[in-house]
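Shown next: final_2.txt, containing compact mmCIF, C-alpha atoms.
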# COMPACT_ATOMS: atom_id res chain seq x y z
CA MET A 1248 92.76 115.70 123.39
CA SER A 1249 93.20 112.31 121.72
CA ASP A 1250 95.01 113.74 118.71
CA GLN A 1251 97.24 116.23 120.51
CA PRO A 1252 100.01 113.83 121.59
CA ARG A 1253 100.63 112.90 117.95
CA THR A 1254 101.72 116.43 117.02
CA ALA A 1255 105.34 117.13 116.20
CA SER A 1256 105.84 119.04 119.44
CA ALA A 1257 104.56 116.21 121.57
CA VAL A 1258 106.80 113.51 120.17
CA HIS A 1259 110.54 114.01 120.05
CA ASP A 1260 111.85 113.69 116.53
CA HIS A 1261 115.19 111.86 116.53
CA ARG A 1262 115.61 111.68 112.80
CA GLY A 1263 119.22 112.03 111.84
CA GLN A 1264 120.44 110.32 115.01
CA ARG A 1265 121.97 106.90 114.65
CA PRO A 1266 120.94 104.25 117.20
CA GLN A 1267 123.74 103.26 119.58
CA TRP A 1268 124.09 100.38 122.01
CA ARG A 1269 124.56 102.84 124.84
CA GLY A 1270 121.35 104.61 123.94
CA ALA A 1271 119.45 101.32 124.07
CA PHE A 1272 119.62 101.43 127.88
CA SER A 1273 119.23 105.15 128.43
CA ALA A 1274 116.07 104.88 130.55
CA LEU A 1275 118.03 102.94 133.19
CA ARG A 1276 119.72 106.21 134.15
CA HIS A 1277 116.58 106.97 136.18
CA ARG A 1278 116.60 105.44 139.68
CA ASN A 1279 112.88 104.75 139.90
CA PHE A 1280 112.83 103.04 136.53
CA ARG A 1281 115.75 100.85 137.63
CA LEU A 1282 113.68 99.72 140.62
CA LEU A 1283 110.65 99.04 138.44
CA TRP A 1284 112.77 97.28 135.81
CA ALA A 1285 114.36 95.01 138.41
CA SER A 1286 110.93 94.21 139.86
CA THR A 1287 109.78 93.23 136.38
CA LEU A 1288 112.64 90.71 136.28
CA PHE A 1289 111.34 89.14 139.48
CA VAL A 1290 107.65 89.10 138.61
CA SER A 1291 108.22 87.76 135.11
CA GLY A 1292 110.62 85.14 136.47
CA GLY A 1293 107.79 83.88 138.65
CA ASN A 1294 105.44 84.00 135.68
CA TRP A 1295 107.57 81.79 133.42
CA VAL A 1296 108.35 79.27 136.13
CA GLN A 1297 104.63 79.08 136.82
CA GLN A 1298 103.59 78.78 133.19
CA VAL A 1299 105.91 75.90 132.33
CA THR A 1300 104.94 74.08 135.53
CA LEU A 1301 101.19 74.53 135.11
CA GLY A 1302 101.37 73.27 131.53
CA TRP A 1303 103.45 70.29 132.61
CA LEU A 1304 101.10 69.45 135.50
CA ALA A 1305 98.00 69.72 133.31
CA PHE A 1306 99.37 67.41 130.62
CA HIS A 1307 100.86 65.03 133.21
CA LEU A 1308 97.52 64.67 135.03
CA SER A 1309 95.19 64.60 132.01
CA GLY A 1310 97.21 63.70 128.89
CA SER A 1311 94.99 66.14 126.97
CA ALA A 1312 96.04 69.10 124.85
CA LEU A 1313 92.62 70.64 125.51
CA GLN A 1314 93.16 70.49 129.28
CA VAL A 1315 96.51 72.27 128.90
CA SER A 1316 94.74 75.00 126.94
CA VAL A 1317 91.98 75.26 129.55
CA VAL A 1318 94.36 75.50 132.52
CA LEU A 1319 96.61 78.10 130.92
CA GLY A 1320 93.62 79.89 129.44
CA LEU A 1321 92.01 80.30 132.86
CA ARG A 1322 94.90 82.58 133.80
CA ALA A 1323 93.90 84.93 131.01
CA ILE A 1324 90.13 85.07 131.57
CA PRO A 1325 90.32 87.49 134.56
CA LEU A 1326 92.25 89.89 132.34
CA LEU A 1327 88.88 90.69 130.80
CA LEU A 1328 88.39 92.65 134.04
CA ALA A 1329 91.63 94.59 133.53
CA PRO A 1330 89.73 97.84 132.79
CA VAL A 1331 88.39 97.72 136.37
CA ALA A 1332 91.97 97.28 137.59
CA GLY A 1333 92.87 100.22 135.38
CA VAL A 1334 90.34 102.34 137.27
CA LEU A 1335 92.14 101.44 140.51
CA ALA A 1336 95.44 102.53 138.94
CA ASP A 1337 93.90 105.87 137.97
CA ARG A 1338 92.10 106.50 141.29
CA PHE A 1339 94.65 105.37 143.88
CA ASP A 1340 98.38 105.35 144.58
CA ARG A 1341 99.70 102.97 141.92
CA ARG A 1342 102.63 101.85 144.05
CA LYS A 1343 100.36 100.74 146.89
CA VAL A 1344 98.00 98.98 144.49
CA LEU A 1345 100.94 96.99 143.09
CA LEU A 1346 102.28 96.11 146.57
CA ILE A 1347 98.94 94.70 147.73
CA ASP A 1348 98.62 92.72 144.52
CA GLN A 1349 102.09 91.15 144.87
CA ALA A 1350 101.36 90.13 148.46
CA PHE A 1351 98.21 88.35 147.26
CA LEU A 1352 100.12 86.51 144.52
CA ALA A 1353 102.87 85.44 146.94
CA LEU A 1354 100.40 83.95 149.42
CA LEU A 1355 98.55 82.21 146.60
CA ALA A 1356 101.76 80.61 145.31
CA LEU A 1357 102.71 79.42 148.81
CA GLY A 1358 99.31 77.80 149.30
CA PHE A 1359 99.43 75.99 145.97
CA ALA A 1360 103.00 74.84 146.62
CA ALA A 1361 101.77 73.17 149.81
CA VAL A 1362 99.07 71.29 147.87
CA VAL A 1363 101.53 70.10 145.21
CA LEU A 1364 104.25 69.13 147.69
CA ALA A 1365 101.70 67.13 149.70
CA ASP A 1366 100.85 65.23 146.48
CA LEU A 1367 97.20 66.25 146.76
CA VAL A 1368 96.95 68.20 143.52
CA GLN A 1369 94.01 67.49 141.21
CA MET A 1370 92.79 69.18 138.05
CA TRP A 1371 90.34 71.39 139.92
CA HIS A 1372 93.24 72.76 141.98
CA LEU A 1373 94.92 73.77 138.73
CA TYR A 1374 91.73 75.45 137.50
CA LEU A 1375 91.30 77.46 140.71
CA PHE A 1376 94.94 78.45 141.10
CA SER A 1377 95.23 79.47 137.46
CA PHE A 1378 92.10 81.63 137.64
CA LEU A 1379 93.08 83.37 140.90
CA THR A 1380 96.58 84.01 139.59
CA GLY A 1381 95.04 85.56 136.51
CA ALA A 1382 92.98 87.83 138.76
CA GLY A 1383 96.18 89.03 140.41
CA TRP A 1384 97.82 89.60 137.05
CA SER A 1385 94.81 91.58 135.84
CA ILE A 1386 95.79 94.16 138.47
CA ASN A 1387 99.55 93.82 138.03
CA ASN A 1388 99.64 94.40 134.28
CA PRO A 1389 97.89 97.76 133.79
CA THR A 1390 99.30 99.13 137.07
CA ARG A 1391 102.86 98.18 136.16
CA GLN A 1392 102.49 99.59 132.65
CA THR A 1393 101.29 102.95 133.95
CA LEU A 1394 104.17 103.11 136.43
CA VAL A 1395 106.62 102.93 133.52
CA SER A 1396 105.43 106.31 132.28
CA ASN A 1397 105.62 107.67 135.85
CA ALA A 1398 109.25 106.58 136.28
CA VAL A 1399 110.85 108.43 133.33
CA PRO A 1400 110.43 111.74 131.48
CA ARG A 1401 108.43 111.69 128.27
CA SER A 1402 111.59 111.79 126.16
CA SER A 1403 112.64 108.40 127.58
CA LEU A 1404 109.22 106.74 127.51
CA MET A 1405 109.62 104.76 124.29
CA ASN A 1406 112.97 103.39 125.44
CA ALA A 1407 111.55 102.56 128.88
CA VAL A 1408 108.62 100.60 127.43
CA ALA A 1409 111.03 98.55 125.33
CA LEU A 1410 113.36 97.91 128.28
CA ASN A 1411 110.45 96.89 130.50
CA SER A 1412 109.43 94.35 127.87
CA MET A 1413 113.07 93.28 127.60
CA ALA A 1414 113.13 92.51 131.33
CA PHE A 1415 110.08 90.30 130.85
CA ASN A 1416 111.77 88.43 128.02
CA THR A 1417 115.15 88.16 129.74
CA THR A 1418 113.57 85.89 132.33
CA ARG A 1419 111.80 84.07 129.54
CA ILE A 1420 115.23 82.88 128.37
CA PHE A 1421 116.16 81.33 131.71
CA GLY A 1422 112.86 80.88 133.56
CA PRO A 1423 111.30 78.08 131.47
CA ALA A 1424 114.56 76.12 131.29
CA ALA A 1425 114.98 76.48 135.06
CA GLY A 1426 111.37 75.40 135.53
CA GLY A 1427 111.88 72.32 133.37
CA PHE A 1428 115.11 71.48 135.22
CA LEU A 1429 113.41 71.78 138.62
CA ILE A 1430 110.50 69.62 137.48
CA THR A 1431 112.86 66.88 136.30
CA PHE A 1432 115.10 66.81 139.38
CA PHE A 1433 112.99 68.15 142.27
CA GLY A 1434 109.36 67.91 141.20
CA PRO A 1435 106.87 70.68 140.39
CA GLY A 1436 106.13 71.82 143.95
CA VAL A 1437 109.49 73.56 144.36
CA ASN A 1438 108.67 75.79 141.40
CA PHE A 1439 105.76 77.41 143.21
CA LEU A 1440 107.92 78.09 146.27
CA LEU A 1441 110.37 79.82 143.94
CA GLN A 1442 107.52 81.82 142.44
CA ALA A 1443 106.47 83.07 145.90
CA PHE A 1444 110.07 84.16 146.56
CA PHE A 1445 110.06 86.18 143.34
CA TYR A 1446 106.89 88.03 144.39
CA VAL A 1447 108.47 88.94 147.74
CA GLY A 1448 111.44 90.32 145.80
CA VAL A 1449 109.06 92.51 143.80
CA MET A 1450 107.63 93.98 146.98
CA ALA A 1451 111.11 94.80 148.32
CA LEU A 1452 111.89 96.74 145.14
CA ILE A 1453 108.57 98.59 144.86
CA ILE A 1454 108.54 99.89 148.46
CA PRO A 1455 111.20 102.60 147.75
CA PHE A 1456 109.77 103.41 144.29
CA ARG A 1457 108.51 106.96 143.72
CA ALA A 1458 106.36 108.08 140.78
CA GLU A 1459 108.63 111.02 140.00
CA TYR A 1460 107.07 111.89 136.64
CA ALA A 1461 103.40 111.34 137.47
CA SER A 1462 101.21 114.26 136.45
CA GLY A 1463 99.56 114.43 139.86
CA GLU A 1464 96.14 114.15 138.23
CA ARG A 1465 93.95 111.19 139.09
CA ALA A 1466 90.57 109.95 138.07
CA SER A 1467 87.86 111.58 140.15
CA ARG A 1468 86.94 109.69 143.32
CA ASP A 1469 83.84 111.85 143.69
CA VAL A 1470 82.08 109.64 141.15
CA SER A 1471 81.56 105.89 141.08
CA ILE A 1472 84.05 103.36 139.75
CA LEU A 1473 81.48 102.53 137.09
CA HIS A 1474 81.51 106.16 135.95
CA ASN A 1475 85.32 106.11 135.75
CA LEU A 1476 85.08 102.90 133.76
CA ARG A 1477 82.63 104.45 131.29
CA GLU A 1478 85.01 107.39 130.86
CA GLY A 1479 87.78 104.97 129.92
CA PHE A 1480 85.73 103.13 127.31
CA ALA A 1481 84.47 106.43 125.91
CA HIS A 1482 88.05 107.63 125.46
CA VAL A 1483 89.01 104.42 123.65
CA THR A 1484 86.06 104.58 121.26
CA ARG A 1485 86.57 108.29 120.49
CA ASP A 1486 90.26 108.00 119.68
CA ARG A 1487 90.56 106.19 116.35
CA THR A 1488 94.25 105.33 116.77
CA THR A 1489 93.72 103.89 120.25
CA LEU A 1490 90.77 101.78 119.10
CA THR A 1491 92.60 100.48 116.02
CA ILE A 1492 95.66 99.43 118.02
CA ILE A 1493 93.52 97.54 120.52
CA LEU A 1494 91.67 95.74 117.73
CA VAL A 1495 94.88 94.95 115.83
CA ALA A 1496 96.38 93.49 119.01
CA LEU A 1497 93.64 90.85 119.03
CA VAL A 1498 95.20 89.16 115.97
CA PRO A 1499 98.32 87.72 117.64
CA THR A 1500 96.43 87.13 120.87
CA LEU A 1501 93.85 84.87 119.23
CA THR A 1502 95.92 83.21 116.51
CA MET A 1503 99.61 83.28 117.43
CA MET A 1504 100.48 83.73 121.10
CA SER A 1505 97.61 81.55 122.31
CA THR A 1506 98.61 78.59 120.16
CA THR A 1507 102.39 78.76 120.60
CA MET A 1508 102.16 79.07 124.38
CA THR A 1509 99.30 76.70 125.21
CA LEU A 1510 100.30 73.98 122.75
CA MET A 1511 104.01 74.00 123.54
CA PRO A 1512 103.81 71.14 126.10
CA VAL A 1513 101.95 69.03 123.53
CA PHE A 1514 104.42 69.89 120.75
CA ALA A 1515 107.33 68.87 122.99
CA VAL A 1516 105.81 65.42 123.60
CA GLU A 1517 104.07 64.58 120.32
CA VAL A 1518 106.53 66.09 117.83
CA LEU A 1519 109.88 66.23 119.64
CA GLY A 1520 109.39 63.01 121.61
CA GLN A 1521 109.80 64.39 125.13
CA ALA A 1522 108.83 61.89 127.86
CA ARG A 1523 105.64 62.96 129.64
CA ASP A 1524 107.28 62.98 133.07
CA GLU A 1525 110.09 65.31 132.02
CA GLY A 1526 110.23 68.97 131.08
CA ASN A 1527 113.61 69.59 129.45
CA GLU A 1528 112.48 69.96 125.83
CA LEU A 1529 109.56 72.14 126.87
CA GLY A 1530 111.82 74.36 128.93
CA LEU A 1531 114.27 74.73 126.05
CA LEU A 1532 111.49 75.57 123.58
CA LEU A 1533 110.23 78.32 125.86
CA THR A 1534 113.81 79.47 126.33
CA GLY A 1535 114.14 79.82 122.54
CA ALA A 1536 110.99 81.91 122.57
CA GLY A 1537 112.52 84.01 125.34
CA VAL A 1538 115.68 84.63 123.32
CA GLY A 1539 113.54 85.84 120.43
CA GLY A 1540 111.51 88.09 122.69
CA PHE A 1541 114.69 89.53 124.19
CA LEU A 1542 116.15 90.25 120.75
CA GLY A 1543 112.90 91.84 119.59
CA THR A 1544 112.73 94.20 122.55
CA LEU A 1545 116.45 94.98 122.29
CA LEU A 1546 115.93 96.06 118.69
CA MET A 1547 113.03 98.26 119.76
CA ALA A 1548 115.14 99.83 122.52
CA MET A 1549 117.92 100.62 120.03
CA PHE A 1550 115.60 101.89 117.32
CA SER A 1551 112.93 103.47 119.53
CA GLN A 1552 113.03 106.62 117.41
CA VAL A 1553 111.57 104.81 114.39
CA ARG A 1554 108.32 106.62 113.67
CA ALA A 1555 106.59 104.47 111.04
CA LYS A 1556 104.75 102.55 113.74
CA GLY A 1557 101.76 101.42 111.65
CA ARG A 1558 103.86 99.62 109.06
CA LEU A 1559 106.08 98.16 111.76
CA ILE A 1560 103.09 96.69 113.62
CA LEU A 1561 101.68 95.01 110.49
CA ALA A 1562 105.06 93.77 109.22
CA ALA A 1563 105.88 92.21 112.58
CA LEU A 1564 102.56 90.34 112.60
CA ALA A 1565 103.23 89.00 109.11
CA VAL A 1566 106.69 87.73 110.08
CA GLY A 1567 105.29 86.12 113.22
CA GLY A 1568 102.55 84.29 111.33
CA VAL A 1569 104.89 82.90 108.67
CA GLY A 1570 107.34 81.87 111.38
CA ILE A 1571 104.69 79.82 113.20
CA ILE A 1572 103.79 77.99 109.99
CA VAL A 1573 107.46 77.09 109.50
CA PHE A 1574 107.79 76.08 113.16
CA SER A 1575 104.80 73.73 112.92
CA GLN A 1576 106.56 71.62 110.29
CA LEU A 1577 109.83 71.13 112.20
CA ASP A 1578 110.62 67.99 114.18
CA THR A 1579 114.05 68.69 115.69
CA LEU A 1580 114.66 70.66 118.87
CA ALA A 1581 117.37 72.94 117.46
CA ALA A 1582 115.36 73.91 114.38
CA ALA A 1583 112.19 74.46 116.43
CA MET A 1584 114.06 76.70 118.87
CA GLY A 1585 115.49 78.70 115.95
CA ALA A 1586 112.04 79.23 114.47
CA LEU A 1587 110.68 80.34 117.84
CA VAL A 1588 113.44 82.93 118.11
CA VAL A 1589 112.17 84.56 114.90
CA VAL A 1590 108.49 84.21 115.86
CA GLN A 1591 108.84 85.73 119.29
CA ALA A 1592 111.16 88.51 118.11
CA ALA A 1593 108.48 89.56 115.63
CA LEU A 1594 105.64 89.29 118.14
CA MET A 1595 107.55 91.31 120.73
CA VAL A 1596 108.28 94.04 118.19
CA ASN A 1597 104.54 94.13 117.56
CA MET A 1598 103.57 94.18 121.24
CA THR A 1599 106.20 96.72 122.25
CA THR A 1600 105.18 99.05 119.44
CA ASN A 1601 101.50 98.76 120.37
CA ASN A 1602 102.30 99.50 124.01
CA THR A 1603 104.57 102.42 123.17
CA VAL A 1604 102.03 104.15 120.97
CA LEU A 1605 99.27 103.79 123.56
CA GLN A 1606 101.50 105.16 126.34
CA MET A 1607 102.55 108.11 124.17
CA ILE A 1608 99.09 109.20 123.11
CA THR A 1609 97.19 108.73 126.40
CA PRO A 1610 97.08 111.34 129.22
CA ASP A 1611 98.36 110.10 132.59
CA TRP A 1612 95.03 110.35 134.41
CA MET A 1613 93.43 108.07 131.79
CA ARG A 1614 96.40 105.76 131.20
CA GLY A 1615 95.42 103.03 133.66
CA ARG A 1616 92.01 102.57 132.09
CA VAL A 1617 93.31 102.60 128.52
CA MET A 1618 96.01 100.06 129.37
CA GLY A 1619 93.35 98.02 131.15
CA VAL A 1620 91.23 97.90 127.99
CA TYR A 1621 94.37 96.99 126.03
CA MET A 1622 95.06 94.13 128.46
CA MET A 1623 91.59 92.76 127.74
CA ASP A 1624 93.06 91.47 124.50
CA ILE A 1625 95.14 89.00 126.52
CA GLY A 1626 91.93 87.92 128.23
CA MET A 1627 90.73 86.71 124.84
CA MET A 1628 93.65 84.28 124.62
CA PRO A 1629 91.66 81.32 126.05
CA LEU A 1630 89.34 81.46 123.04
CA GLY A 1631 92.21 80.93 120.61
CA GLY A 1632 93.87 78.42 122.92
CA VAL A 1633 90.77 76.27 123.40
CA ILE A 1634 90.02 76.22 119.67
CA ALA A 1635 93.63 75.29 118.96
CA GLY A 1636 93.46 72.60 121.64
CA LEU A 1637 90.35 71.08 120.06
CA VAL A 1638 92.02 71.07 116.64
CA ALA A 1639 95.18 69.56 118.14
CA ASP A 1640 93.23 66.74 119.81
CA SER A 1641 91.39 65.97 116.57
CA PHE A 1642 94.00 66.60 113.85
CA GLY A 1643 97.34 66.93 115.64
CA VAL A 1644 99.29 69.78 117.17
CA GLN A 1645 101.12 70.66 113.93
CA THR A 1646 97.85 71.19 112.06
CA ALA A 1647 96.54 73.35 114.89
CA LEU A 1648 99.62 75.56 114.75
CA TRP A 1649 99.75 76.22 111.01
CA ALA A 1650 95.98 76.62 110.66
CA SER A 1651 95.80 79.20 113.45
CA ALA A 1652 98.74 81.16 112.03
CA SER A 1653 97.14 81.14 108.58
CA VAL A 1654 93.99 82.71 110.01
CA GLY A 1655 96.17 85.37 111.65
CA LEU A 1656 97.94 86.16 108.39
CA ALA A 1657 94.60 86.53 106.62
CA ALA A 1658 93.47 88.97 109.32
CA VAL A 1659 96.67 91.00 108.91
CA ALA A 1660 96.09 91.21 105.16
CA VAL A 1661 92.51 92.44 105.66
CA ILE A 1662 93.59 95.07 108.21
CA ALA A 1663 96.33 96.34 105.91
CA ALA A 1664 93.95 96.57 102.97
CA LEU A 1665 91.09 98.28 104.82
CA ASN A 1666 93.09 100.72 106.97
CA PRO A 1667 95.44 102.80 104.80
CA ALA A 1668 95.56 105.50 107.49
CA PHE A 1669 96.84 103.01 110.05
CA ARG A 1670 99.56 101.88 107.65
CA GLN A 1671 100.77 105.50 107.58
CA LEU A 1672 100.68 105.96 111.39
CA ARG A 1673 103.74 107.86 112.59
CA VAL A 1674 104.41 108.90 116.21
If you convert what's in this file into structure tokens, what do you get?
Amino acid sequence: MSDQPRTASAVHDHRGQRPQWRGAFSALRHRNFRLLWASTLFVSGGNWVQQVTLGWLAFHLSGSALQVSVVLGLRAIPLLLAPVAGVLADRFDRRKVLLIDQAFLALLALGFAAVVLADLVQMWHLYLFSFLTGAGWSINNPTRQTLVSNAVPRSSLMNAVALNSMAFNTTRIFGPAAGGFLITFFGPGVNFLLQAFFYVGVMALIIPFRAEYASGERASRDVSILHNLREGFAHVTRDRTTLTIILVALVPTLTMMSTTMTLMPVFAVEVLGQARDEGNELGLLLTGAGVGGFLGTLLMAMFSQVRAKGRLILAALAVGGVGIIVFSQLDTLAAAMGALVVVQAALMVNMTTNNTVLQMITPDWMRGRVMGVYMMDIGMMPLGGVIAGLVADSFGVQTALWASASVGLAAVAVIAALNPAFRQLRV
């Protein structure tokens, strides 16, 4: 079963067709995908406003790069439980699972906004809020990813995955800058009220959603959740391509995304000279990253028929690693933003390609669990972030950035050398 989707009949061959701008948005012709895509705009808008504000609060309260890494890393730890959330997505109505999850996140954001607006916030509040938000996202991520494949026919899946990622990165362009602006002029509490509003918007869009292209098959509810979970891990370990993609995805998670995201507030202050009680430079840096992510996913949407996925995954990682090394040595805002555009474009090409391949080769009734295991990679981000934070506190943020990226490049070189079959992967 694991090899069947990679046959020529299972994957549409678009060789000979030239990519067109109009074709880059073809999946939006489907009503249910439009609803899901719009909801991704809302949920990711809340995510970026939250991320820039949590990082700002952590550094404002503690003055420590390590504390920034810990607070942001706590959001990722619950993602280690994403396979359990994947079981829920395979056993139950995915739309209802997502609605309940968004209601939880909205109430959580409202409660934390009250604490911040009352000027009662302490570091332990940040720890708790970050962890609980991560728990909500551990359900959101695999469920939302599986709904993408249920919203479009198989022929549009690759384009839909890219467009869904593009929605996430579109808000990354404006969300962090808006978050920094709101911090500077209104204080951080307003940002969490805005986040709660975004989650309510998600619910309004998901209520009319229908999983038009779902197979109708679900994981058996006659057995335990633990049994369903074991089935998911067994599928991942049996399918060599699935396992390799999940392992390869650990490289940017541990050595690239973790450092650029968690150390950005420190870089803005220590290298670019941002005042600690402001957030403009930080917001603009994250906006630059969002522009790069948007461009990367736009390229993938336009060229979704490219089949040499193995080489594309490895090449994108190499470009991302070199870009971070260059970024670490820059000390002007414009140059740093330019470097982040390249870095995030490369990393989003990598992530979108990983996601696309997994969606294409996994049967619908197993997709939630496989995507849940894939999301565990993000749960490993705190490890890279904490190590980078320790290095930044001891040797400076620039050293932490280039050293981490160098480790990632070495890992890419080893993977490329030891896995010739993966380099030739075509789907």
Can you tell me which residues surround region 1279-1294 of chain A at a distance of at most 9 Å, considering all atoms listed in the file, apart from same-chain residues fewer than 2 positions away, and format the answer as a PyMOL selection string?
chain A and resi 1274-1277+1296-1299+1349+1391+1394-1395+1397-1399+1407+1410-1412+1414-1419+1421-1423+1438-1439+1441-1453+1455-1459
Pick the closest to Leu1335 (chain A) from A:Trp1303, A:Phe1433, A:Phe1669, A:Trp1612: which is it, counting all atoms listed in the file?
A:Trp1612
Under the rule that all atoms listed in the file are counted, which of A:Phe1480, A:Trp1384, A:Phe1432, A:Tyr1374 is the nearest residue to Leu1352 (chain A)?
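For Leu1352 (chain A), the nearest of the given residues is A:Trp1384.
CA of Gly1426 (chain A) is found 17.6 Å from CA of Leu1580 (chain A).
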Per residue of region 1561-1665 of chain A within 8 Å of region 1502-1523 of chain A, note the shortest atom pair and the distance in Å to one decimal, counting all atoms listed in the file, and order the rows by chain and increasing residue number, as a tab-separated table.
residue	atom	partner	partner_atom	distance
A:Gly1567	CA	A:Met1503	CA	7.6
A:Gly1568	CA	A:Met1503	CA	6.8
A:Ile1571	CA	A:Met1503	CA	7.5
A:Asp1578	CA	A:Leu1519	CA	5.8
A:Thr1579	CA	A:Leu1519	CA	6.2
A:Leu1580	CA	A:Leu1519	CA	6.6
A:Met1628	CA	A:Ser1505	CA	5.3
A:Pro1629	CA	A:Ser1505	CA	7.0
A:Gly1631	CA	A:Ser1505	CA	5.7
A:Gly1632	CA	A:Ser1505	CA	4.9
A:Ala1635	CA	A:Thr1506	CA	6.1
A:Gly1636	CA	A:Leu1510	CA	7.1
A:Val1644	CA	A:Phe1514	CA	6.3
A:Gln1645	CA	A:Phe1514	CA	7.6
A:Ala1647	CA	A:Thr1506	CA	7.7
A:Leu1648	CA	A:Thr1506	CA	6.3
A:Ser1651	CA	A:Thr1502	CA	5.0
A:Ala1652	CA	A:Thr1502	CA	5.7
A:Val1654	CA	A:Thr1502	CA	6.8
A:Gly1655	CA	A:Thr1502	CA	5.3
Between CA of Ala1329 (chain A) and CA of Ile1560 (chain A) - distance in Å to one decimal
23.1 Å
So which one's closest to Pro1667 (chain A), A:Leu1561, A:Met1547, A:Ala1312, A:Leu1345? Using only C-alpha atoms, please.
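Using only C-alpha atoms, Pro1667 (chain A) sits closest to A:Leu1561.
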Measuring atom to atom with all atoms listed in the file, identify which of A:Val1633, A:Ile1420, A:Ala1593, A:Val1363 is nearest to Ala1565 (chain A).
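Of A:Val1633, A:Ile1420, A:Ala1593, A:Val1363, the one nearest Ala1565 (chain A) is A:Ala1593, counting all atoms listed in the file.
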Can you work out the spacing between CA of Gly1320 (chain A) and CA of Leu1531 (chain A) in Å, to one decimal?
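Separating CA of Gly1320 (chain A) from CA of Leu1531 (chain A) is a distance of 21.6 Å.
In terms of minimum interatomic distance to Thr1603 (chain A), A:Ile1492 ranks closest within A:Val1661, A:Leu1319, A:Leu1379, A:Ile1492, counting all atoms listed in the file.
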Could you name the residues that touch Ala1663 (chain A) at 12 Å or less, counting all atoms listed in the file, but leaving out those on the same chain fewer than 6 positions away, as a count of residues only?
16
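Every residue within 9 Å of the file position (98.1, 89.5, 125.9), judged by all atoms listed in the file, is given as Ala1323, Leu1326, Ala1496, Leu1497, Pro1499, Thr1500, Met1504, Ser1505, Met1598, Tyr1621, Met1622, Met1623, Asp1624, Ile1625, Gly1626, Met1627 and Met1628 of chain A.
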Since the input lacks some atoms of region 1355-1369 of chain A, please model N, CA and C atoms and print them as a PDB file, keeping the file's coordinate frame.
ATOM      1  N   LEU A1355      99.201  83.198 147.464  1.00  0.00           N
ATOM      2  CA  LEU A1355      98.550  82.210 146.600  1.00  0.00           C
ATOM      3  C   LEU A1355      99.546  81.141 146.157  1.00  0.00           C
ATOM      4  N   ALA A1356     100.740  81.559 145.753  1.00  0.00           N
ATOM      5  CA  ALA A1356     101.760  80.610 145.310  1.00  0.00           C
ATOM      6  C   ALA A1356     102.202  79.697 146.453  1.00  0.00           C
ATOM      7  N   LEU A1357     102.328  80.241 147.663  1.00  0.00           N
ATOM      8  CA  LEU A1357     102.710  79.420 148.810  1.00  0.00           C
ATOM      9  C   LEU A1357     101.651  78.362 149.107  1.00  0.00           C
ATOM     10  N   GLY A1358     100.386  78.748 149.054  1.00  0.00           N
ATOM     11  CA  GLY A1358      99.310  77.800 149.300  1.00  0.00           C
ATOM     12  C   GLY A1358      99.282  76.674 148.288  1.00  0.00           C
ATOM     13  N   PHE A1359      99.456  77.017 147.018  1.00  0.00           N
ATOM     14  CA  PHE A1359      99.430  75.990 145.970  1.00  0.00           C
ATOM     15  C   PHE A1359     100.657  75.092 146.066  1.00  0.00           C
ATOM     16  N   ALA A1360     101.794  75.657 146.443  1.00  0.00           N
ATOM     17  CA  ALA A1360     103.000  74.840 146.620  1.00  0.00           C
ATOM     18  C   ALA A1360     102.767  73.776 147.683  1.00  0.00           C
ATOM     19  N   ALA A1361     102.058  74.140 148.758  1.00  0.00           N
ATOM     20  CA  ALA A1361     101.770  73.170 149.810  1.00  0.00           C
ATOM     21  C   ALA A1361     100.920  72.017 149.285  1.00  0.00           C
ATOM     22  N   VAL A1362      99.934  72.328 148.442  1.00  0.00           N
ATOM     23  CA  VAL A1362      99.070  71.290 147.870  1.00  0.00           C
ATOM     24  C   VAL A1362      99.875  70.349 146.976  1.00  0.00           C
ATOM     25  N   VAL A1363     100.736  70.921 146.137  1.00  0.00           N
ATOM     26  CA  VAL A1363     101.530  70.100 145.210  1.00  0.00           C
ATOM     27  C   VAL A1363     102.549  69.265 145.964  1.00  0.00           C
ATOM     28  N   LEU A1364     103.237  69.855 146.933  1.00  0.00           N
ATOM     29  CA  LEU A1364     104.250  69.130 147.690  1.00  0.00           C
ATOM     30  C   LEU A1364     103.645  68.008 148.524  1.00  0.00           C
ATOM     31  N   ALA A1365     102.393  68.180 148.941  1.00  0.00           N
ATOM     32  CA  ALA A1365     101.700  67.130 149.700  1.00  0.00           C
ATOM     33  C   ALA A1365     101.117  66.058 148.788  1.00  0.00           C
ATOM     34  N   ASP A1366     101.335  66.200 147.474  1.00  0.00           N
ATOM     35  CA  ASP A1366     100.850  65.230 146.480  1.00  0.00           C
ATOM     36  C   ASP A1366      99.326  65.099 146.515  1.00  0.00           C
ATOM     37  N   LEU A1367      98.664  66.228 146.730  1.00  0.00           N
ATOM     38  CA  LEU A1367      97.200  66.250 146.760  1.00  0.00           C
ATOM     39  C   LEU A1367      96.602  66.923 145.539  1.00  0.00           C
ATOM     40  N   VAL A1368      97.428  67.372 144.609  1.00  0.00           N
ATOM     41  CA  VAL A1368      96.950  68.200 143.520  1.00  0.00           C
ATOM     42  C   VAL A1368      96.058  67.420 142.561  1.00  0.00           C
ATOM     43  N   GLN A1369      94.942  68.024 142.190  1.00  0.00           N
ATOM     44  CA  GLN A1369      94.010  67.490 141.210  1.00  0.00           C
ATOM     45  C   GLN A1369      93.731  68.583 140.178  1.00  0.00           C
TER      46      GLN A1369
END
